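Below is one structure, written out as C-alpha cells; the observations come after it.
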Amino acid sequence: MRLRFCAGGLLAGVLLAAGAQGAGEIRPGAYCPFPKPGEKPACMLPAKQAYGEFFAALDGNGDVDEAAAARLEADVAAGAGSENAYLALSSLAYGYYRLSQQAAATPNDDPEVVARLERWNALLSSAYASSPQDAKFQASVREAALDLQRRAPPVELSCLDQSGARVRCDSTEAVLRDIDRLRDEVGVRGALSRLLGRFFGDGGESAR
C-alpha cells in the first residue's frame, strides 16, 4: 500500500557558525523542527541521509512506500534505544506535517491518511513512554508533538480521552495528554519516594 502526499580566521569561523545557525544548525542528538515553507534547514540533512527513500517520496512525487515508512516507524518505536532516535523523530514529524497538509487540502478525510496519523500519534506516545531513562529524548518527543500541534493543519482523528473513551481530537492532543500523564505519574512516584526517605532513611531513598 502506498500513501500519496497530495583576526580573519576567527571572523570566518564566527560567520560560518552564524550561517549554520540561521539555516538550522546541525546538532547531533537533537530534534530538528520541520522546516517552514521555503526553508531548508541544515539540521534536516542527516535525517534525509538516514531515510532517503522516505524523504525522496515526500519531496518528489508525494508517495511513501510502505517499506520506507516501516523502517522509520520501527526506529521511532524503539525510542531512545534506537541508533537513529533523533533522526527518526525529526523525520516522522516532517512526514506528519506533510501528511496533515494533504489531508487538510482534501474535502473528505482519506481513511488511509487518518489511520497513518493516528498510528504516528501512538508511536510518539510509545517512544516517550519507552524512554524513561533519557529525559533529553523525552523532552524532544514533547517538542515534536508541540511543533506539530502549533504548525500542522488540524485533522480530525480518533483518540482516547483521559477516561479511556474513544473521542475525536486534532493533531497531537492525545500524545501531549499521554506525555503529561506519564510526567505526573513520575512526579508522584518521586514525591512519594522522598516522603518515604524522610520516614525511613536510606531505605526509602533506594526505592526510587
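Starting from 1 in every chain, residues are counted up; chains themselves are A, B, ... following the order of the C-alpha cells, and ligands are numbered from 1 as listed.
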8 Å contact set for segment 136-152 of chain A, only C-alpha atoms, chain neighbours under 6 positions out, as a compact mmCIF listing (two decimals) with C-alpha atoms, in the first residue's frame:
```txt
# COMPACT_ATOMS: atom_id res chain seq x y z
CA ALA A 30 18.77 16.86 18.97
CA TYR A 31 15.30 17.17 17.44
CA PRO A 33 11.96 21.09 13.79
CA ALA A 80 15.87 6.48 22.89
CA TYR A 86 16.57 11.82 16.92
CA LEU A 89 11.81 11.53 15.43
CA SER A 90 12.62 14.51 13.18
CA ALA A 93 7.44 14.93 12.48
CA TYR A 96 3.30 14.06 9.82
CA TYR A 97 3.32 17.71 8.77
CA SER A 100 -1.58 16.80 7.53
CA GLN A 101 -1.21 19.30 4.71
CA LEU A 124 5.14 9.26 19.55
CA ALA A 127 8.55 6.49 22.13
CA TYR A 128 8.16 8.78 25.12
CA SER A 171 -3.30 16.62 15.71
CA THR A 172 -1.18 15.51 18.68
CA GLU A 173 -3.62 16.32 21.51
CA VAL A 175 0.16 12.48 22.52
CA LEU A 176 0.63 15.52 24.73
CA ILE A 179 3.12 12.66 27.96
```
Exercise for the section: Please measure the separation of atom CA of Ala104 of chain A and atom CA of Arg116 of chain A, giving the value in Å to one decimal. Expected result: 14.3 Å
Exercise for the section: Name the residues of segment 40-165 of chain A that fall into helix (DSSP H, G or I) according to DSSP on the backbone, using the chain letters and numbers of this document, as a PyMOL selection string. Expected result: chain A and resi 42-50+52-59+66-77+79-81+85-105+111-129+135-151
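If you look at atom CA of Leu99 of chain A and atom CA of Leu157 of chain A, they are 12.9 Å away from each other.
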